[in-house]
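Containing mmCIF, C-alpha atoms: data-v7.cif.
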data_my_file
#
loop_
_atom_site.label_atom_id
_atom_site.label_comp_id
_atom_site.auth_asym_id
_atom_site.auth_seq_id
_atom_site.Cartn_x
_atom_site.Cartn_y
_atom_site.Cartn_z
CA LEU A 1 10.38 43.88 -50.24
CA GLY A 2 12.00 40.66 -51.36
CA GLY A 3 13.25 37.38 -50.02
CA ALA A 4 11.64 34.55 -48.14
CA PRO A 5 8.46 35.29 -46.16
CA ASP A 6 9.66 36.88 -42.90
CA TRP A 7 7.64 39.02 -40.50
CA ARG A 8 10.73 40.87 -39.23
CA ALA A 9 11.46 42.12 -42.75
CA ALA A 10 7.82 42.95 -43.49
CA ALA A 11 6.94 44.52 -40.12
CA PRO A 12 7.98 48.11 -40.92
CA TYR A 13 5.84 48.11 -44.07
CA ALA A 14 2.89 46.34 -42.44
CA ASN A 15 2.98 48.54 -39.33
CA ALA A 16 3.02 51.69 -41.47
CA GLU A 17 -0.32 50.54 -42.92
CA GLY A 18 -1.76 49.38 -39.59
CA ALA A 19 -1.61 45.73 -40.69
CA THR A 20 -0.87 42.77 -38.43
CA ALA A 21 0.16 40.47 -41.27
CA ALA A 22 1.94 40.65 -44.63
CA LEU A 23 1.37 38.66 -47.80
CA TYR A 24 4.35 37.42 -49.80
CA ALA A 25 3.89 36.38 -53.43
CA THR A 26 6.63 34.23 -54.95
CA LEU A 27 6.56 34.63 -58.73
CA SER A 28 7.35 31.84 -61.16
CA ILE A 29 6.99 31.84 -64.94
CA GLN A 30 6.73 28.69 -67.03
CA GLY A 31 6.10 29.17 -70.71
CA SER A 32 3.26 31.63 -71.07
CA THR A 33 1.92 31.16 -67.53
CA ALA A 34 2.84 33.37 -64.58
CA SER A 35 2.07 31.98 -61.12
CA ALA A 36 2.41 33.40 -57.63
CA ALA A 37 2.53 31.25 -54.50
CA LEU A 38 0.97 33.22 -51.62
CA VAL A 39 2.25 33.00 -48.04
CA GLU A 40 0.98 35.17 -45.19
CA VAL A 41 3.23 35.97 -42.23
CA GLY A 42 1.87 37.49 -39.04
CA ALA A 43 3.24 39.46 -36.13
CA ASN A 44 2.81 36.33 -34.02
CA GLY A 45 5.34 34.54 -36.26
CA VAL A 46 2.74 32.25 -37.82
CA ARG A 47 3.12 31.46 -41.54
CA ARG A 48 0.01 30.49 -43.49
CA ASP A 49 -0.11 29.11 -47.03
CA ARG A 50 -2.76 31.09 -48.93
CA GLY A 51 -2.63 29.06 -52.16
CA ALA A 52 -1.55 30.24 -55.59
CA VAL A 53 -2.87 32.39 -58.41
CA SER A 54 -1.96 32.25 -62.09
CA ALA A 55 -2.38 34.27 -65.26
CA GLN A 56 -1.55 33.85 -68.92
CA ILE A 57 1.11 36.11 -70.43
CA ALA A 58 -0.20 37.25 -73.80
CA GLY A 59 3.21 38.10 -75.26
CA LEU A 60 6.83 38.94 -74.56
CA GLU A 61 6.45 42.72 -74.51
CA LEU A 62 6.49 44.71 -71.27
CA PRO A 63 2.78 45.72 -71.47
CA GLN A 64 1.70 42.06 -71.67
CA LEU A 65 3.92 41.12 -68.71
CA ARG A 66 2.57 44.05 -66.70
CA ALA A 67 -1.00 42.97 -67.50
CA ALA A 68 -0.28 39.42 -66.29
CA LEU A 69 1.32 40.70 -63.08
CA ALA A 70 -1.61 43.06 -62.49
CA SER A 71 -3.96 40.10 -62.93
CA LEU A 72 -1.98 38.11 -60.34
CA ALA A 73 -2.15 41.01 -57.88
CA GLU A 74 -5.90 41.44 -58.41
CA GLN A 75 -6.55 37.71 -57.98
CA ALA A 76 -4.48 37.60 -54.78
CA SER A 77 -6.27 40.65 -53.38
CA THR A 78 -9.70 39.26 -54.25
CA ARG A 79 -8.88 35.90 -52.67
CA ILE A 80 -7.58 37.39 -49.41
CA GLN A 81 -10.46 39.86 -49.12
CA SER A 82 -13.08 37.19 -49.83
CA GLU A 83 -11.61 34.82 -47.25
CA TRP A 84 -11.35 37.62 -44.71
CA LYS A 85 -14.92 38.81 -45.29
CA ALA A 86 -16.18 35.23 -44.99
CA SER A 87 -14.35 34.72 -41.70
CA ILE A 88 -15.63 38.02 -40.29
CA SER A 89 -19.15 37.28 -41.42
CA ALA A 90 -19.07 33.74 -40.03
CA GLY A 91 -17.71 34.92 -36.70
CA ALA A 92 -19.97 37.91 -36.32
CA GLY A 93 -23.31 36.61 -37.47
CA GLN A 94 -25.42 38.96 -39.51
CA ARG A 95 -24.88 42.42 -40.90
CA ALA A 96 -25.84 45.55 -39.02
CA ARG A 97 -26.83 48.96 -40.34
CA LEU A 98 -25.40 52.16 -38.88
CA SER A 99 -26.44 55.79 -39.34
CA ALA A 100 -23.80 58.32 -38.31
CA SER A 101 -23.18 62.04 -38.41
CA ALA A 102 -20.03 62.87 -40.35
CA LEU A 103 -18.64 66.10 -38.90
CA TYR A 104 -16.04 68.12 -40.79
CA ARG A 105 -14.57 71.62 -40.94
CA ASP A 106 -13.98 71.84 -44.67
CA GLN A 107 -14.32 70.06 -48.01
CA ARG A 108 -10.95 68.31 -47.56
CA GLN A 109 -12.12 66.64 -44.33
CA TRP A 110 -15.42 65.61 -45.95
CA GLU A 111 -13.48 64.03 -48.82
CA SER A 112 -11.26 62.20 -46.30
CA ILE A 113 -14.31 60.76 -44.55
CA LYS A 114 -15.83 59.63 -47.86
CA GLN A 115 -12.52 58.04 -48.93
CA ALA A 116 -12.29 56.17 -45.61
CA LEU A 117 -15.81 54.81 -46.07
CA GLU A 118 -15.06 53.80 -49.66
CA GLY A 119 -11.82 52.13 -48.55
CA ALA A 120 -13.60 50.26 -45.76
CA ALA A 121 -16.06 49.02 -48.39
CA GLN A 122 -13.25 46.69 -49.47
CA THR A 123 -13.38 44.97 -46.08
CA LEU A 124 -16.27 45.51 -43.67
CA ILE A 125 -18.90 47.87 -45.00
CA SER A 126 -21.35 48.01 -47.89
CA GLU A 127 -24.46 49.87 -49.02
CA ILE A 128 -23.05 53.32 -48.23
CA ARG A 129 -25.65 56.08 -48.48
CA ILE A 130 -25.19 59.80 -48.02
CA GLU A 131 -28.57 60.81 -46.62
CA ALA A 132 -27.97 64.57 -46.21
CA VAL A 133 -25.09 67.01 -46.60
CA GLY A 134 -24.61 70.38 -44.89
CA ARG A 135 -21.85 72.93 -44.47
CA GLU A 136 -20.34 71.29 -41.36
CA GLY A 137 -21.66 67.77 -41.50
CA ALA A 138 -23.48 65.02 -43.29
CA LEU A 139 -25.69 62.10 -42.36
CA VAL A 140 -24.40 58.81 -43.74
CA SER A 141 -25.57 55.24 -43.35
CA PHE A 142 -24.03 51.89 -44.25
CA SER A 143 -24.16 48.19 -43.45
CA PHE A 144 -21.23 46.37 -41.89
CA VAL A 145 -20.15 42.90 -40.80
CA GLY A 146 -18.32 42.21 -37.57
CA ASP A 147 -18.67 44.20 -34.40
CA ARG A 148 -18.40 47.92 -33.69
CA THR A 149 -14.83 47.51 -32.38
CA GLN A 150 -13.71 46.02 -35.71
CA LEU A 151 -15.55 48.75 -37.60
CA ALA A 152 -13.96 51.51 -35.50
CA ALA A 153 -10.49 49.97 -35.95
CA GLU A 154 -10.91 49.70 -39.73
CA LEU A 155 -12.08 53.31 -40.05
CA ASN A 156 -9.31 54.50 -37.71
CA ARG A 157 -6.76 52.71 -39.88
CA ARG A 158 -8.10 54.82 -42.74
CA GLY A 159 -7.86 58.11 -40.81
CA VAL A 160 -11.40 58.43 -39.45
CA ARG A 161 -12.61 58.10 -35.87
CA LEU A 162 -15.99 56.54 -34.99
CA ASP A 163 -17.23 57.91 -31.66
CA ASP A 164 -20.42 57.15 -29.77
CA THR A 165 -21.82 60.46 -28.52
CA ALA A 166 -25.04 61.75 -26.97
CA MET A 167 -26.25 62.57 -30.50
CA GLY A 168 -25.38 59.07 -31.73
CA PRO A 169 -22.47 57.71 -33.77
CA VAL A 170 -20.13 60.41 -35.14
CA LEU A 171 -17.42 60.15 -37.79
CA ARG A 172 -14.51 62.63 -37.69
CA VAL A 173 -11.10 62.84 -39.33
CA THR A 174 -8.52 61.63 -36.78
CA GLY A 175 -6.53 64.36 -35.07
CA ASN A 176 -9.48 66.78 -35.17
#

Mind turning this structure into structure tokens?
Amino acid sequence: LGGAPDWRAAAPYANAEGATAALYATLSIQGSTASAALVEVGANGVRRDRGAVSAQIAGLELPQLRAALASLAEQASTRIQSEWKASISAGAGQRARLSASALYRDQRQWESIKQALEGAAQTLISEIRIEAVGREGALVSFSFVGDRTQLAAELNRRGVRLDDTAMGPVLRVTGN
């Protein structure tokens, strides 16, 4: 995706990932410093300046340029995630702990559930513990910030449903 920050251009990519905003990074190189100006565009048409990140380019070879660009991407990701976590945490108060049954039919589904939890650890959850594992299910626990609706939406975006059942919270791969 290239060009000026524009939600209409970014929407197909953002929607495919379940995102409601897209981050544009405009690269500039001066001497041995690479910089990226960050601008977020949302589905509501709002543009938000997210600052800039910079990295030193250690040489003129492709590996050094790739390393500098990877550093810019990592810095941008860390900044956005930190700001987002802070806003969720500030708006939601304290952390909560959840114990849930993870139900699955096979090893592939169990791996999908674990990957969704690990992915959500980048945003809402932390302190993931696998308490017990059986042939058709596992007991997992983790802490999260925000409310249950946000948690369910984040897990759903990663392919796992969080349902409240008579036996308590249950995690399942979506579509099953």

So for segment 27-42 of chain A, what box centre and size do we get, axis-aligned, 3 Å extra on each of the six sides, every listed atom, Å to one decimal, as AutoDock Vina command-line options?
--center_x 4.2 --center_y 33.1 --center_z -55.1 --size_x 12.4 --size_y 14.8 --size_z 38.0

With a distance cut-off of 8 Å and all atoms listed in the file, select the neighbouring residues of Ala36 of chain A, excluding the residue or stretch itself and same-chain residues fewer than 6 positions from it, and output the selection as a PyMOL selection string. chain A and resi 25-28+52-54+72

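The space between atom CA of Asp163 of chain A and atom CA of Ala21 of chain A spans 26.4 Å.
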
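When only C-alpha atoms are used to compute distances to Tyr24 of chain A, the closest of the residues A:Leu171, A:Ala121, A:Leu38, A:Ala10 turns out to be A:Leu38.
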
Applied to this file, what does the PyMOL selection byres ((chain A and resi 125-135) around 12) return in terms of residues, put as a ChimeraX atom specification? /A:85,88-89,95-107,109-110,113-124,136-148,150-152,154-155

Suppose you want the space between atom CA of Arg50 of chain A and atom CA of Leu1 of chain A; what is it in Å? 18.4 Å

Reference answer for the PyMOL selection byres ((chain A and resi 11) around 12), as a PyMOL selection string: chain A and resi 1+5-10+12-23+41-45

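Applied to the file shown here, the PyMOL selection byres ((chain A and resi 32) around 10) selects Ile29, Gln30, Gly31, Thr33, Ala34, Ala55, Gln56, Ile57, Ala58, Gly59, Leu60, Leu65 and Ala68 of chain A.
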
Those same residues - C-alpha atoms - I'd like them written as a short mmCIF file (atom, residue, chain, number, x, y, z; two decimals), keeping the file's coordinate frame.
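Listed below is the output, out12.cif:
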data_model
loop_
_atom_site.label_atom_id
_atom_site.label_comp_id
_atom_site.auth_asym_id
_atom_site.auth_seq_id
_atom_site.Cartn_x
_atom_site.Cartn_y
_atom_site.Cartn_z
CA ILE A 29 6.99 31.84 -64.94
CA GLN A 30 6.73 28.69 -67.03
CA GLY A 31 6.10 29.17 -70.71
CA THR A 33 1.92 31.16 -67.53
CA ALA A 34 2.84 33.37 -64.58
CA ALA A 55 -2.38 34.27 -65.26
CA GLN A 56 -1.55 33.85 -68.92
CA ILE A 57 1.11 36.11 -70.43
CA ALA A 58 -0.20 37.25 -73.80
CA GLY A 59 3.21 38.10 -75.26
CA LEU A 60 6.83 38.94 -74.56
CA LEU A 65 3.92 41.12 -68.71
CA ALA A 68 -0.28 39.42 -66.29
#

Gap from atom CA of Gly51 of chain A to atom CA of Ser35 of chain A - Å, one decimal: 10.5 Å
